[in-house]
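Trainee: Take a look at entry16.csv, CSV, C-alpha atoms:
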chain,number,residue,atom,x,y,z
A,1431,MET,CA,27.4,-6.5,-1.7
A,1432,THR,CA,26.5,-4.6,1.4
A,1433,VAL,CA,29.2,-2.2,2.4
A,1434,VAL,CA,27.7,-0.8,5.6
A,1435,ARG,CA,24.8,-2.3,7.6
A,1436,LEU,CA,23.2,-0.8,10.7
A,1437,THR,CA,20.9,-3.1,12.6
A,1438,GLU,CA,18.5,-1.9,15.2
A,1439,VAL,CA,20.9,0.8,16.2
A,1440,THR,CA,20.2,3.0,19.2
A,1441,ARG,CA,22.4,5.8,20.6
A,1442,VAL,CA,21.7,7.4,23.9
A,1443,HIS,CA,23.7,10.4,25.0
A,1444,GLY,CA,23.8,10.9,28.8
A,1445,GLU,CA,22.0,9.0,31.5
A,1446,GLY,CA,18.8,9.0,33.6
A,1447,ALA,CA,16.4,11.9,33.2
A,1448,ALA,CA,19.0,13.9,31.1
A,1449,ALA,CA,19.4,11.0,28.6
A,1450,VAL,CA,18.9,12.1,25.0
A,1451,HIS,CA,17.8,9.3,22.6
A,1452,ALA,CA,19.5,10.4,19.4
A,1453,LEU,CA,18.7,7.2,17.5
A,1454,LYS,CA,15.8,4.8,18.5
A,1455,GLY,CA,16.4,1.6,16.5
A,1456,VAL,CA,17.5,2.4,13.0
A,1457,SER,CA,18.2,-0.3,10.4
A,1458,LEU,CA,19.8,0.7,7.2
A,1459,ASP,CA,22.0,-1.0,4.5
A,1460,VAL,CA,24.1,0.7,1.8
A,1461,ASP,CA,25.3,-1.6,-1.0
A,1462,ALA,CA,28.3,-1.1,-3.3
A,1463,GLY,CA,27.2,1.2,-6.1
A,1464,GLU,CA,24.4,2.6,-4.2
A,1465,LEU,CA,23.7,6.2,-3.2
A,1466,VAL,CA,21.5,6.6,-0.1
A,1467,ALA,CA,20.4,10.0,1.1
A,1468,VAL,CA,19.2,10.6,4.7
A,1469,MET,CA,16.9,13.6,5.1
A,1470,GLY,CA,15.7,15.1,8.3
A,1471,PRO,CA,15.5,18.4,10.2
A,1472,SER,CA,18.3,19.4,12.6
A,1473,GLY,CA,18.1,17.3,15.7
A,1474,SER,CA,16.6,14.3,13.9
A,1475,GLY,CA,19.7,12.2,14.4
A,1476,LYS,CA,21.3,12.5,10.9
A,1477,SER,CA,24.8,13.3,12.1
A,1478,THR,CA,24.7,10.6,14.8
A,1479,LEU,CA,23.7,8.1,12.1
A,1480,LEU,CA,26.6,9.1,9.9
A,1481,ASN,CA,29.1,9.0,12.8
A,1482,LEU,CA,27.9,5.5,13.8
A,1483,ALA,CA,28.0,4.3,10.1
A,1484,GLY,CA,31.6,5.5,9.8
A,1485,GLY,CA,32.9,4.1,13.2
A,1486,LEU,CA,33.4,7.6,14.6
A,1487,ASP,CA,31.1,6.7,17.5
A,1488,ARG,CA,29.7,3.4,18.9
A,1489,PRO,CA,26.1,2.5,19.3
A,1490,THR,CA,24.4,2.1,22.7
A,1491,SER,CA,22.7,-1.1,21.3
A,1492,GLY,CA,22.4,-2.7,18.0
A,1493,SER,CA,25.3,-3.4,15.5
A,1494,VAL,CA,27.2,-1.7,12.8
A,1495,HIS,CA,29.0,-3.8,10.1
A,1496,ILE,CA,31.4,-2.3,7.6
A,1497,ASP,CA,32.4,-4.8,4.8
A,1498,GLU,CA,30.8,-7.6,6.9
A,1499,ARG,CA,32.9,-6.8,9.9
A,1500,ASP,CA,31.1,-6.1,13.2
A,1501,LEU,CA,32.6,-2.9,14.5
A,1502,ALA,CA,32.0,-4.1,18.1
A,1503,GLY,CA,34.8,-6.5,17.6
A,1504,VAL,CA,37.2,-4.0,16.1
A,1505,ARG,CA,39.7,-2.6,18.6
A,1506,ASP,CA,41.5,-0.1,16.4
A,1507,LEU,CA,38.6,1.8,14.8
A,1508,ALA,CA,40.9,4.6,13.7
A,1509,ALA,CA,42.8,2.2,11.4
A,1510,LEU,CA,39.6,0.7,10.0
A,1511,ARG,CA,38.3,4.2,9.3
A,1512,ARG,CA,41.4,5.3,7.5
A,1513,ARG,CA,41.4,2.2,5.3
A,1514,SER,CA,37.7,1.8,4.6
A,1515,VAL,CA,35.8,5.0,5.1
A,1516,GLY,CA,36.0,8.4,3.5
A,1517,TYR,CA,34.4,11.5,4.9
A,1518,VAL,CA,33.3,14.7,3.3
A,1519,PHE,CA,31.9,17.4,5.5
A,1520,GLN,CA,30.2,20.7,4.9
A,1521,ASP,CA,32.9,22.7,6.6
A,1522,LEU,CA,36.0,22.5,4.5
A,1523,ASN,CA,38.3,20.1,6.2
A,1524,LEU,CA,41.3,20.6,4.0
A,1525,ILE,CA,44.5,21.5,5.8
A,1526,THR,CA,45.4,25.0,4.7
A,1527,SER,CA,49.2,24.6,4.9
A,1528,LEU,CA,49.1,21.6,2.5
A,1529,THR,CA,48.6,21.6,-1.2
A,1530,ALA,CA,45.6,19.8,-2.7
A,1531,ALA,CA,47.7,16.7,-3.6
A,1532,GLU,CA,49.3,16.7,-0.1
A,1533,ASN,CA,45.9,16.8,1.5
A,1534,VAL,CA,44.8,13.8,-0.5
A,1535,MET,CA,48.1,11.9,0.3
A,1536,LEU,CA,47.7,12.5,4.0
A,1537,PRO,CA,45.5,9.5,5.0
A,1538,ARG,CA,47.7,7.2,3.0
A,1539,GLU,CA,50.9,8.5,4.6
A,1540,LEU,CA,49.2,8.0,8.0
A,1541,ASP,CA,48.7,4.4,7.0
A,1542,GLY,CA,52.4,4.0,6.4
A,1543,VAL,CA,52.3,4.2,2.6
A,1544,ARG,CA,55.6,5.7,1.3
A,1545,SER,CA,55.4,9.3,0.2
A,1546,ARG,CA,56.1,8.6,-3.5
A,1547,VAL,CA,53.4,5.9,-3.7
A,1548,ALA,CA,50.9,8.1,-1.8
A,1549,ARG,CA,51.6,10.9,-4.3
A,1550,GLU,CA,50.9,8.5,-7.2
A,1551,GLU,CA,47.7,7.4,-5.6
A,1552,ALA,CA,46.6,11.0,-5.0
A,1553,MET,CA,47.4,12.0,-8.5
A,1554,ALA,CA,45.4,9.0,-9.8
A,1555,VAL,CA,42.3,9.9,-7.9
A,1556,LEU,CA,42.6,13.7,-8.6
A,1557,THR,CA,42.9,12.8,-12.3
A,1558,GLU,CA,39.9,10.5,-12.1
A,1559,ILE,CA,37.7,13.4,-10.8
A,1560,ASP,CA,39.3,15.9,-13.3
A,1561,VAL,CA,41.2,18.2,-10.9
A,1562,ALA,CA,44.8,17.0,-11.5
A,1563,ASP,CA,45.7,20.5,-12.7
A,1564,LEU,CA,44.9,21.8,-9.2
A,1565,ALA,CA,47.3,19.3,-7.4
A,1566,ASP,CA,49.9,21.9,-6.4
A,1567,ARG,CA,47.5,24.6,-5.3
A,1568,PHE,CA,46.8,25.5,-1.7
A,1569,PRO,CA,43.1,25.4,-0.5
A,1570,GLU,CA,42.8,29.1,-0.4
A,1571,GLU,CA,43.7,29.3,-4.1
A,1572,LEU,CA,40.7,27.1,-4.9
A,1573,SER,CA,37.0,27.9,-5.3
A,1574,GLY,CA,34.5,26.3,-3.0
A,1575,GLY,CA,33.5,23.7,-5.5
A,1576,GLN,CA,37.1,22.9,-6.3
A,1577,ARG,CA,37.9,22.5,-2.6
A,1578,GLN,CA,35.0,20.1,-2.2
A,1579,ARG,CA,36.2,18.1,-5.1
A,1580,VAL,CA,39.6,17.8,-3.5
A,1581,ALA,CA,37.9,16.7,-0.2
A,1582,ILE,CA,36.1,14.0,-2.2
A,1583,ALA,CA,39.4,12.9,-3.7
A,1584,ARG,CA,40.8,12.6,-0.3
A,1585,ALA,CA,37.8,10.6,0.9
A,1586,LEU,CA,38.2,8.2,-2.0
A,1587,VAL,CA,42.0,7.7,-2.1
A,1588,GLY,CA,43.3,4.2,-1.6
A,1589,GLU,CA,41.0,1.2,-1.3
A,1590,ARG,CA,38.1,3.0,0.4
A,1591,ARG,CA,34.7,2.1,-1.0
A,1592,LEU,CA,32.5,3.8,1.6
A,1593,LEU,CA,32.0,7.5,1.4
A,1594,LEU,CA,30.1,9.4,4.1
A,1595,ALA,CA,29.0,12.9,3.1
A,1596,ASP,CA,27.5,15.3,5.7
A,1597,GLU,CA,25.9,18.3,3.9
A,1598,PRO,CA,28.7,18.3,1.3
A,1599,THR,CA,27.0,21.0,-0.7
A,1600,GLY,CA,26.6,23.3,2.3
A,1601,ALA,CA,27.7,26.7,1.2
A,1602,LEU,CA,27.8,26.1,-2.6
A,1603,ASP,CA,25.5,27.6,-5.2
A,1604,THR,CA,23.0,25.2,-6.7
A,1605,ARG,CA,25.0,24.7,-10.0
A,1606,THR,CA,28.2,23.8,-8.1
A,1607,GLY,CA,26.2,21.7,-5.7
A,1608,ASP,CA,24.8,19.7,-8.6
A,1609,GLU,CA,28.3,19.2,-9.9
A,1610,ILE,CA,29.3,17.7,-6.5
A,1611,LEU,CA,26.4,15.4,-6.6
A,1612,ARG,CA,27.2,14.4,-10.2
A,1613,LEU,CA,30.7,13.5,-9.0
A,1614,LEU,CA,29.4,11.5,-6.0
A,1615,ARG,CA,26.9,9.8,-8.3
A,1616,ALA,CA,29.8,8.9,-10.7
A,1617,ARG,CA,31.8,7.4,-7.9
A,1618,CYS,CA,28.8,5.3,-6.9
A,1619,ASP,CA,28.3,4.1,-10.5
A,1620,ALA,CA,32.0,3.1,-10.3
A,1621,GLY,CA,31.3,0.9,-7.3
A,1622,ALA,CA,31.5,3.1,-4.2
A,1623,ALA,CA,28.8,3.1,-1.5
A,1624,VAL,CA,27.7,6.6,-0.6
A,1625,LEU,CA,25.7,7.7,2.4
A,1626,LEU,CA,24.7,11.3,2.1
A,1627,VAL,CA,23.1,13.4,4.8
A,1628,THR,CA,21.3,16.5,3.5
A,1629,HIS,CA,18.4,18.8,4.4
A,1630,GLU,CA,18.1,19.9,0.7
A,1631,SER,CA,15.7,17.7,-1.3
A,1632,ARG,CA,17.2,18.8,-4.6
A,1633,TYR,CA,20.4,16.9,-3.7
A,1634,ALA,CA,18.6,14.0,-2.1
A,1635,GLY,CA,17.0,13.6,-5.6
A,1636,TRP,CA,20.3,12.2,-6.9
A,1637,ALA,CA,20.1,9.2,-4.6
A,1638,ASP,CA,18.9,5.7,-5.4
A,1639,ARG,CA,17.0,5.7,-2.2
A,1640,VAL,CA,16.0,8.5,0.2
A,1641,VAL,CA,15.2,7.8,3.9
A,1642,PHE,CA,13.4,10.3,6.1
A,1643,LEU,CA,14.6,10.6,9.7
A,1644,ARG,CA,12.4,12.1,12.4
A,1645,ASP,CA,13.2,12.1,16.1
A,1646,GLY,CA,15.8,9.3,15.8
A,1647,MET,CA,13.6,7.0,13.7
A,1648,ILE,CA,13.3,6.2,10.0
A,1649,THR,CA,9.7,7.3,9.3
A,1650,ASP,CA,9.6,6.7,5.6
A,1651,SER,CA,11.7,5.7,2.6
A,1652,THR,CA,11.3,6.1,-1.2
A,1653,ASP,CA,11.8,2.3,-1.2
A,1654,ALA,CA,8.8,1.4,1.0
A,1655,SER,CA,10.1,-2.1,1.9
A,1656,LEU,CA,12.8,-0.6,4.1
A,1657,VAL,CA,10.7,1.4,6.5
A,1658,SER,CA,11.2,0.4,10.1
A,1659,THR,CA,8.1,-0.4,12.0
B,245,MET,CA,1.6,28.8,-21.3
B,246,SER,CA,1.2,30.5,-24.6
B,247,ILE,CA,1.7,28.2,-27.5
B,248,ARG,CA,1.3,31.1,-29.8
B,249,HIS,CA,4.3,32.9,-28.3
B,250,GLY,CA,6.4,29.8,-28.3
B,251,LEU,CA,5.7,29.3,-32.1
B,252,LEU,CA,6.6,33.0,-32.7
B,253,ALA,CA,9.9,32.4,-31.0
B,254,LEU,CA,10.7,29.4,-33.2
B,255,LEU,CA,9.6,31.2,-36.4
B,256,SER,CA,11.9,34.1,-35.5
B,257,ARG,CA,14.8,31.8,-36.5
B,258,GLY,CA,13.3,31.4,-40.0
B,259,PRO,CA,10.3,30.0,-41.9
B,260,ARG,CA,9.0,26.6,-40.7
B,261,TYR,CA,6.5,23.9,-41.6
B,262,GLY,CA,3.8,23.1,-39.0
B,263,TYR,CA,5.2,19.7,-38.2
B,264,GLN,CA,8.7,21.2,-37.8
B,265,LEU,CA,7.3,23.6,-35.3
B,266,ARG,CA,5.8,20.8,-33.3
B,267,VAL,CA,9.1,18.9,-33.2
B,268,GLU,CA,11.1,22.0,-32.3
B,269,PHE,CA,8.7,23.1,-29.6
B,270,GLU,CA,9.0,19.8,-27.9
B,271,ALA,CA,12.8,19.6,-28.3
B,272,SER,CA,13.2,23.1,-26.8
B,273,THR,CA,11.1,22.3,-23.7
B,274,GLY,CA,12.2,18.7,-23.2
B,275,ALA,CA,8.8,17.3,-24.2
B,276,THR,CA,7.4,18.9,-21.0
B,277,TRP,CA,4.5,20.3,-22.9
B,278,PRO,CA,3.6,17.8,-25.6
B,279,LEU,CA,1.7,19.4,-28.5
B,280,ASN,CA,-0.5,17.7,-31.0
B,281,ILE,CA,-0.3,18.7,-34.6
B,282,GLY,CA,-3.9,19.9,-34.5
B,283,GLN,CA,-3.1,22.4,-31.8
B,284,VAL,CA,-0.2,23.7,-33.9
B,285,TYR,CA,-2.4,24.2,-37.0
B,286,THR,CA,-5.3,25.8,-35.1
B,287,THR,CA,-2.8,28.2,-33.4
B,288,LEU,CA,-1.1,29.0,-36.8
B,289,SER,CA,-4.5,29.8,-38.4
B,290,ARG,CA,-5.4,32.1,-35.6
B,291,MET,CA,-2.0,33.8,-35.8
B,292,GLU,CA,-2.5,34.2,-39.6
B,293,ARG,CA,-5.9,35.8,-38.9
B,294,ASP,CA,-4.2,38.2,-36.4
B,295,GLY,CA,-1.5,39.0,-38.9
B,296,LEU,CA,1.4,37.5,-36.9
B,297,VAL,CA,2.4,34.9,-39.5
B,298,GLU,CA,2.1,34.5,-43.2
B,299,PRO,CA,1.6,31.2,-45.0
B,300,GLY,CA,3.5,30.5,-48.3
B,301,GLU,CA,2.5,28.5,-51.3
B,302,SER,CA,1.7,24.9,-50.5
B,303,ASP,CA,4.2,22.4,-52.0
B,304,GLU,CA,3.3,19.3,-54.0
B,305,GLN,CA,2.6,17.4,-50.8
B,306,GLY,CA,0.3,20.1,-49.6
B,307,ARG,CA,2.7,21.4,-46.9
B,308,VAL,CA,2.8,25.1,-46.1
B,309,VAL,CA,5.7,27.1,-44.8
B,310,TYR,CA,4.9,29.8,-42.3
B,311,THR,CA,6.9,33.0,-42.0
B,312,ILE,CA,6.8,35.5,-39.1
B,313,THR,CA,5.5,39.0,-39.9
B,314,ALA,CA,6.7,42.4,-38.5
B,315,ALA,CA,3.6,42.4,-36.2
B,316,GLY,CA,4.6,38.9,-35.2
B,317,ARG,CA,8.1,40.0,-34.2
B,318,ALA,CA,6.7,42.9,-32.3
B,319,GLU,CA,4.3,40.6,-30.4
B,320,MET,CA,7.2,38.2,-29.6
B,321,THR,CA,9.3,41.1,-28.3
B,322,ARG,CA,6.4,42.3,-26.1
B,323,TRP,CA,6.0,38.8,-24.7
B,324,PHE,CA,9.6,38.5,-23.7
B,325,SER,CA,9.7,41.9,-22.2
B,326,THR,CA,6.6,41.3,-20.0
B,327,PRO,CA,7.0,39.4,-16.7
B,328,VAL,CA,4.6,36.6,-16.0
B,329,VAL,CA,2.0,37.4,-13.3
B,330,GLN,CA,2.0,35.1,-10.3
B,331,SER,CA,-1.8,35.2,-9.9
B,332,ASP,CA,-2.3,33.7,-13.3
B,333,ARG,CA,-1.4,30.3,-11.9
B,334,PRO,CA,-4.2,27.8,-11.3
B,335,ARG,CA,-5.1,26.8,-7.7
B,336,ASP,CA,-2.9,24.2,-6.2
B,337,GLU,CA,-4.7,21.0,-5.2
B,338,LEU,CA,-2.1,20.1,-2.6
B,339,VAL,CA,-2.5,23.4,-0.8
B,340,ILE,CA,-6.3,23.0,-0.7
B,341,LYS,CA,-6.0,19.4,0.4
B,342,LEU,CA,-3.8,20.2,3.4
B,343,ALA,CA,-6.0,23.2,4.4
B,344,MET,CA,-9.0,20.9,4.2
B,345,ALA,CA,-7.2,18.1,6.2
B,346,VAL,CA,-6.6,20.6,9.0
B,347,ALA,CA,-10.2,21.8,8.8
B,348,ALA,CA,-11.6,18.2,8.8
B,349,LYS,CA,-10.3,17.3,12.2
B,350,GLU,CA,-10.7,13.6,11.7
B,351,VAL,CA,-7.9,13.5,9.2
B,352,ASP,CA,-4.3,12.6,10.2
B,353,VAL,CA,-2.6,15.6,8.7
B,354,ALA,CA,0.9,14.4,9.6
B,355,GLU,CA,0.1,11.2,7.5
B,356,VAL,CA,-1.0,13.3,4.5
B,357,ILE,CA,2.2,15.3,4.7
B,358,ARG,CA,4.3,12.2,5.1
B,359,GLY,CA,2.7,10.4,2.1
B,360,GLN,CA,3.0,13.5,0.0
B,361,ARG,CA,6.6,14.1,0.9
B,362,THR,CA,7.7,10.7,-0.1
B,363,ALA,CA,5.7,10.9,-3.4
B,364,THR,CA,7.2,14.3,-4.2
B,365,MET,CA,10.7,12.9,-3.4
B,366,ARG,CA,10.2,10.0,-5.9
B,367,ALA,CA,9.2,12.6,-8.5
B,368,LEU,CA,12.3,14.6,-7.7
B,369,GLN,CA,14.4,11.4,-8.1
B,370,GLN,CA,12.8,10.9,-11.5
B,371,LEU,CA,13.4,14.5,-12.6
B,372,THR,CA,17.0,14.2,-11.5
B,373,ARG,CA,17.5,11.0,-13.5
B,374,ALA,CA,15.9,12.8,-16.5
B,375,LYS,CA,18.3,15.7,-16.1
B,376,ARG,CA,21.3,13.4,-15.9
B,377,ALA,CA,20.2,11.8,-19.2
B,378,VAL,CA,20.1,15.2,-21.0
B,379,THR,CA,23.6,15.5,-22.5
B,380,GLU,CA,22.9,18.4,-24.8
B,381,GLY,CA,20.1,21.0,-24.9
B,382,VAL,CA,20.5,23.7,-22.3
B,383,GLY,CA,16.8,24.6,-22.7
B,384,GLN,CA,15.6,21.1,-21.8
B,385,ARG,CA,17.9,21.0,-18.8
B,386,LEU,CA,16.6,24.4,-17.5
B,387,VAL,CA,13.0,23.2,-17.9
B,388,LEU,CA,13.8,20.2,-15.8
B,389,ASP,CA,15.6,22.4,-13.3
B,390,SER,CA,12.5,24.5,-13.0
B,391,MET,CA,10.5,21.4,-12.1
B,392,ILE,CA,13.2,20.4,-9.7
B,393,PHE,CA,13.0,23.8,-8.0
B,394,GLN,CA,9.2,23.5,-7.8
B,395,ALA,CA,9.4,20.1,-6.2
B,396,GLU,CA,12.0,21.3,-3.8
B,397,ALA,CA,9.8,24.3,-2.8
B,398,GLU,CA,6.9,21.8,-2.2
B,399,GLN,CA,9.2,19.7,0.0
B,400,ARG,CA,10.2,22.8,2.0
B,401,TRP,CA,6.6,23.9,2.4
B,402,LEU,CA,5.6,20.4,3.6
B,403,ASP,CA,8.5,20.4,6.2
B,404,HIS,CA,7.3,23.8,7.3
B,405,CYS,CA,3.7,22.6,7.6
B,406,GLU,CA,4.9,19.6,9.7
B,407,ALA,CA,6.9,21.9,12.1
B,408,VAL,CA,4.0,24.4,12.5
B,409,LEU,CA,1.4,21.7,13.1
B,410,LYS,CA,3.7,19.9,15.6
B,411,GLU,CA,3.9,23.2,17.6
B,412,GLU,CA,0.1,23.8,17.4
B,413,ARG,CA,-0.7,20.4,18.9
Would it be possible to restate this file's structure as C-alpha cells?

Mentor:
Amino acid sequence: MTVVRLTEVTRVHGEGAAAVHALKGVSLDVDAGELVAVMGPSGSGKSTLLNLAGGLDRPTSGSVHIDERDLAGVRDLAALRRRSVGYVFQDLNLITSLTAAENVMLPRELDGVRSRVAREEAMAVLTEIDVADLADRFPEELSGGQRQRVAIARALVGERRLLLADEPTGALDTRTGDEILRLLRARCDAGAAVLLVTHESRYAGWADRVVFLRDGMITDSTDASLVST
Amino acid sequence: MSIRHGLLALLSRGPRYGYQLRVEFEASTGATWPLNIGQVYTTLSRMERDGLVEPGESDEQGRVVYTITAAGRAEMTRWFSTPVVQSDRPRDELVIKLAMAVAAKEVDVAEVIRGQRTATMRALQQLTRAKRAVTEGVGQRLVLDSMIFQAEAEQRWLDHCEAVLKEER
C-alpha cells in the first residue's frame, strides 16, 4: 500500500526572473513498510520535497497523495498532518519545558484526545522504542540520542504511519546515528512508511531504496525503474 | 593483510589445529577474507621454519596441533604496536578511471560519477544489511563498519569530484 505518492511535482518559489525552481517534476512513492532515502547536496530540493510530502507546503503543479487522498482537496492540512504524518528534524524540536512523555502526548492532546488517554498512548510508544524509563525527564536531562528517540516517539504516536525525517542524525556520533537508523528501520519493518532526507551515505545505506536529487530532479535511484526521465 | 600475523593472534589464545585456525580466522573477520586450507598450512610451515610456531605430535587422524613460541608472541606484539603505512595500499582503479575520464575529453565524466555513485550506494545497502544480520561478534561488525566507512568516503569523494567538475565547466 502506498502511503505517500508524489506525481510530477514542481515547486517554484517567487515569480518571473527571480523565480526559483526548487523541484522540477519529481515523482516518488513510499509504501507501507518501506524506507526511502533522498540524498542530495544542499540546494538540491531535499527539504522542499519533504515539506511537500508532509503537507507543510503545496506544489506549484503536480499532486501529492497521502493514504490515497489528494492533498489539493484537503482544506485543513494541519489536522491531516497531525493525524497522519510524523516529523523528525535535525534540530531538536522537543519543547524544553515539557517532559519526554508530555512532548509525545502533545500532538494527541491537540487532536482533542483526553490527557489520560494521550499519556497511555505516549507510554505505549515510548515503551515500544525502549525509552519508557525516560518518560518523566526533561529534554535537557537527556543525551542527544535519547532526545532523538523521544522525537521519533512523538512522530509515531497515535495512528500515524508516515514518518518524515530531515537529517535526523545531524549532530550525533556515528554509533548513536546508527542506533537512530536501526530504530527507524524497525518502525518500517513494523509497517510505517519512512522518507529520510540525508546527505550522509552511511545512513542512506539503511534504506530499501535511495534516490539522488540534483537541481530539483531525481537523477538516479538504486531501484533503476524509478528514475524520472 | 598479513595472514601470518592473524594466525599468531589466534594461536596466542592457545594451541590450534590448522582447520580450526581457518574457521576462527573467518569468524573473526566476518568472512571478509576467506582463506583456503592450503594457505593456512603453507603459512604455518613458513612460520615453523621462522621459529614462530611449533607443531606437536600428529594424532591418529594425522592432525597436528600448533603452538605459538616466545618468538611468535614477540612478533605478534611487534605487529600490533606498529601502525599500518598508508602507501602500502594498492592503486585504486576508480581514482585512475576518473582521472583518465577527465583526460580523455570525449568521456562524459558526470555519467561515470553518477553510475559509480549508484553502484557504491547499492554496495553500501548490502553492507548495512549484512551488519544488521550480525547479532553477535563485535569483530565482524567492526570489519563491516570499516567497509561502510570506506564506501562512504568514496561517495563523498565522488560528490566532491562532481562539484569541482561542475565549477570547472

Trainee: Between CA of Val1543 (chain A) and CA of Leu1611 (chain A), what is the distance, to one decimal in Å?

Mentor: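 Taking CA of Val1543 (chain A) and CA of Leu1611 (chain A), their separation equals 29.7 Å.
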
Trainee: Got a sec to pull out which chain B residues are within 10 Å of chain A, counting only C-alpha atoms, and send them as a PDB file with C-alpha atoms, keeping the file's coordinate frame?

Mentor:
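Result written to part33.pdb:
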ATOM      1  CA  ARG B 358       4.300  12.200   5.100  1.00  0.00           C
ATOM      2  CA  GLY B 359       2.700  10.400   2.100  1.00  0.00           C
ATOM      3  CA  ARG B 361       6.600  14.100   0.900  1.00  0.00           C
ATOM      4  CA  THR B 362       7.700  10.700  -0.100  1.00  0.00           C
ATOM      5  CA  ALA B 363       5.700  10.900  -3.400  1.00  0.00           C
ATOM      6  CA  THR B 364       7.200  14.300  -4.200  1.00  0.00           C
ATOM      7  CA  MET B 365      10.700  12.900  -3.400  1.00  0.00           C
ATOM      8  CA  ARG B 366      10.200  10.000  -5.900  1.00  0.00           C
ATOM      9  CA  ALA B 367       9.200  12.600  -8.500  1.00  0.00           C
ATOM     10  CA  LEU B 368      12.300  14.600  -7.700  1.00  0.00           C
ATOM     11  CA  GLN B 369      14.400  11.400  -8.100  1.00  0.00           C
ATOM     12  CA  GLN B 370      12.800  10.900 -11.500  1.00  0.00           C
ATOM     13  CA  LEU B 371      13.400  14.500 -12.600  1.00  0.00           C
ATOM     14  CA  THR B 372      17.000  14.200 -11.500  1.00  0.00           C
ATOM     15  CA  ARG B 373      17.500  11.000 -13.500  1.00  0.00           C
ATOM     16  CA  ARG B 376      21.300  13.400 -15.900  1.00  0.00           C
ATOM     17  CA  ASP B 389      15.600  22.400 -13.300  1.00  0.00           C
ATOM     18  CA  ILE B 392      13.200  20.400  -9.700  1.00  0.00           C
ATOM     19  CA  PHE B 393      13.000  23.800  -8.000  1.00  0.00           C
ATOM     20  CA  GLN B 394       9.200  23.500  -7.800  1.00  0.00           C
ATOM     21  CA  ALA B 395       9.400  20.100  -6.200  1.00  0.00           C
ATOM     22  CA  GLU B 396      12.000  21.300  -3.800  1.00  0.00           C
ATOM     23  CA  ALA B 397       9.800  24.300  -2.800  1.00  0.00           C
ATOM     24  CA  GLU B 398       6.900  21.800  -2.200  1.00  0.00           C
ATOM     25  CA  GLN B 399       9.200  19.700   0.000  1.00  0.00           C
ATOM     26  CA  ARG B 400      10.200  22.800   2.000  1.00  0.00           C
ATOM     27  CA  ASP B 403       8.500  20.400   6.200  1.00  0.00           C
ATOM     28  CA  ALA B 407       6.900  21.900  12.100  1.00  0.00           C
TER      29      ALA B 407
END

Trainee: Fewer than 4 positions away in the same chain doesn't count, so skip those; otherwise give me all residues within 10 Å of His1443 (chain A), counting all atoms listed in the file, as a ChimeraX atom specification.

Mentor: /A:1448-1453,1490

Trainee: Any chance you could export the current selection's C-alpha atoms as a tab-separated table (two decimals), in the frame of the given file?

Mentor:
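Once written, part.tsv looks like this:
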chain	number	residue	atom	x	y	z
A	1448	ALA	CA	19.00	13.90	31.10
A	1449	ALA	CA	19.40	11.00	28.60
A	1450	VAL	CA	18.90	12.10	25.00
A	1451	HIS	CA	17.80	9.30	22.60
A	1452	ALA	CA	19.50	10.40	19.40
A	1453	LEU	CA	18.70	7.20	17.50
A	1490	THR	CA	24.40	2.10	22.70

Trainee: Out of A:Asn1523, A:Ser1545, A:Ser1573, A:Thr1437, which residue has the shortest atom-to-atom distance to Ala1585 (chain A) when counting all atoms listed in the file?

Mentor: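 The shortest atom-to-atom distance to Ala1585 (chain A) comes from A:Asn1523.
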
Trainee: Work out how far apart CA of Pro1569 (chain A) and CA of Ser1527 (chain A) are and give it in Å to one decimal.

Mentor: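 If I compute the distance from CA of Pro1569 (chain A) to CA of Ser1527 (chain A), I get 8.2 Å.
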
Trainee: Mind checking which residues fall within 10 Å of Met1431 (chain A), counting only C-alpha atoms, ignoring those fewer than 5 positions away in the same chain, and posting them as a ChimeraX atom specification?

Mentor: /A:1459-1464,1497-1498,1623

Trainee: Near Thr1606 (chain A), counting only C-alpha atoms, which residues have an atom at most 12 Å away, once you skip same-chain residues fewer than 3 positions from it, shown as a PyMOL selection string?

Mentor: chain A and resi 1573-1579+1598-1603+1609-1613+1633

Trainee: In Å, with one decimal, what is the gap from CA of Tyr263 (chain B) to CA of Thr313 (chain B)?

Mentor: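 Atom-to-atom, CA of Tyr263 (chain B) to CA of Thr313 (chain B), that is 19.4 Å.
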
Trainee: Which residues come within 10 Å of region 350-354 of chain B, counting all atoms listed in the file, excluding same-chain residues fewer than 6 positions away, as a PyMOL selection string?

Mentor: chain B and resi 341-344+360+402+405-407+409-410

Trainee: Neighbours of Gly295 (chain B) within 10 Å (all atoms listed in the file; same-chain residues fewer than 6 positions away dropped), as a list in words?

Mentor: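 Neighbouring residues, sequence-local ones excluded: Ser289, Ile312, Thr313, Ala314, Ala315 and Gly316 of chain B.
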
Trainee: Determine the nearest neighbour of Val284 (chain B) from the options B:Ile247, B:Ala271, B:Leu254, B:Ile340, counting all atoms listed in the file.

Mentor: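 Residue with the minimum atom-to-atom distance to Val284 (chain B): B:Ile247.
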
Trainee: Between B:Leu338, B:Val408, B:Leu388, B:Val297, single out the one closest to Gly274 (chain B), counting only C-alpha atoms.

Mentor: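 Using only C-alpha atoms, Gly274 (chain B) sits closest to B:Leu388.
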
Trainee: Smallest atom-to-atom distance to Ala1565 (chain A): which of A:Ala1548, A:Glu1532, A:Ala1595, A:Ile1582, using only C-alpha atoms?

Mentor: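 Going through A:Ala1548, A:Glu1532, A:Ala1595, A:Ile1582 one by one, the smallest distance to Ala1565 (chain A) is for A:Glu1532.
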
Trainee: Which residue is closest to Met391 (chain B)? Choose from B:Gly258, B:Ala377, B:Gly282, B:Thr273 and count all atoms listed in the file.

Mentor: B:Thr273

Trainee: Which residue out of B:Leu252, B:Ala347, B:Val339, B:Ile357 has the minimum interatomic distance to Glu292 (chain B) when only C-alpha atoms are used?

Mentor: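 When distances to Glu292 (chain B) are compared using only C-alpha atoms, the smallest one comes from B:Leu252.
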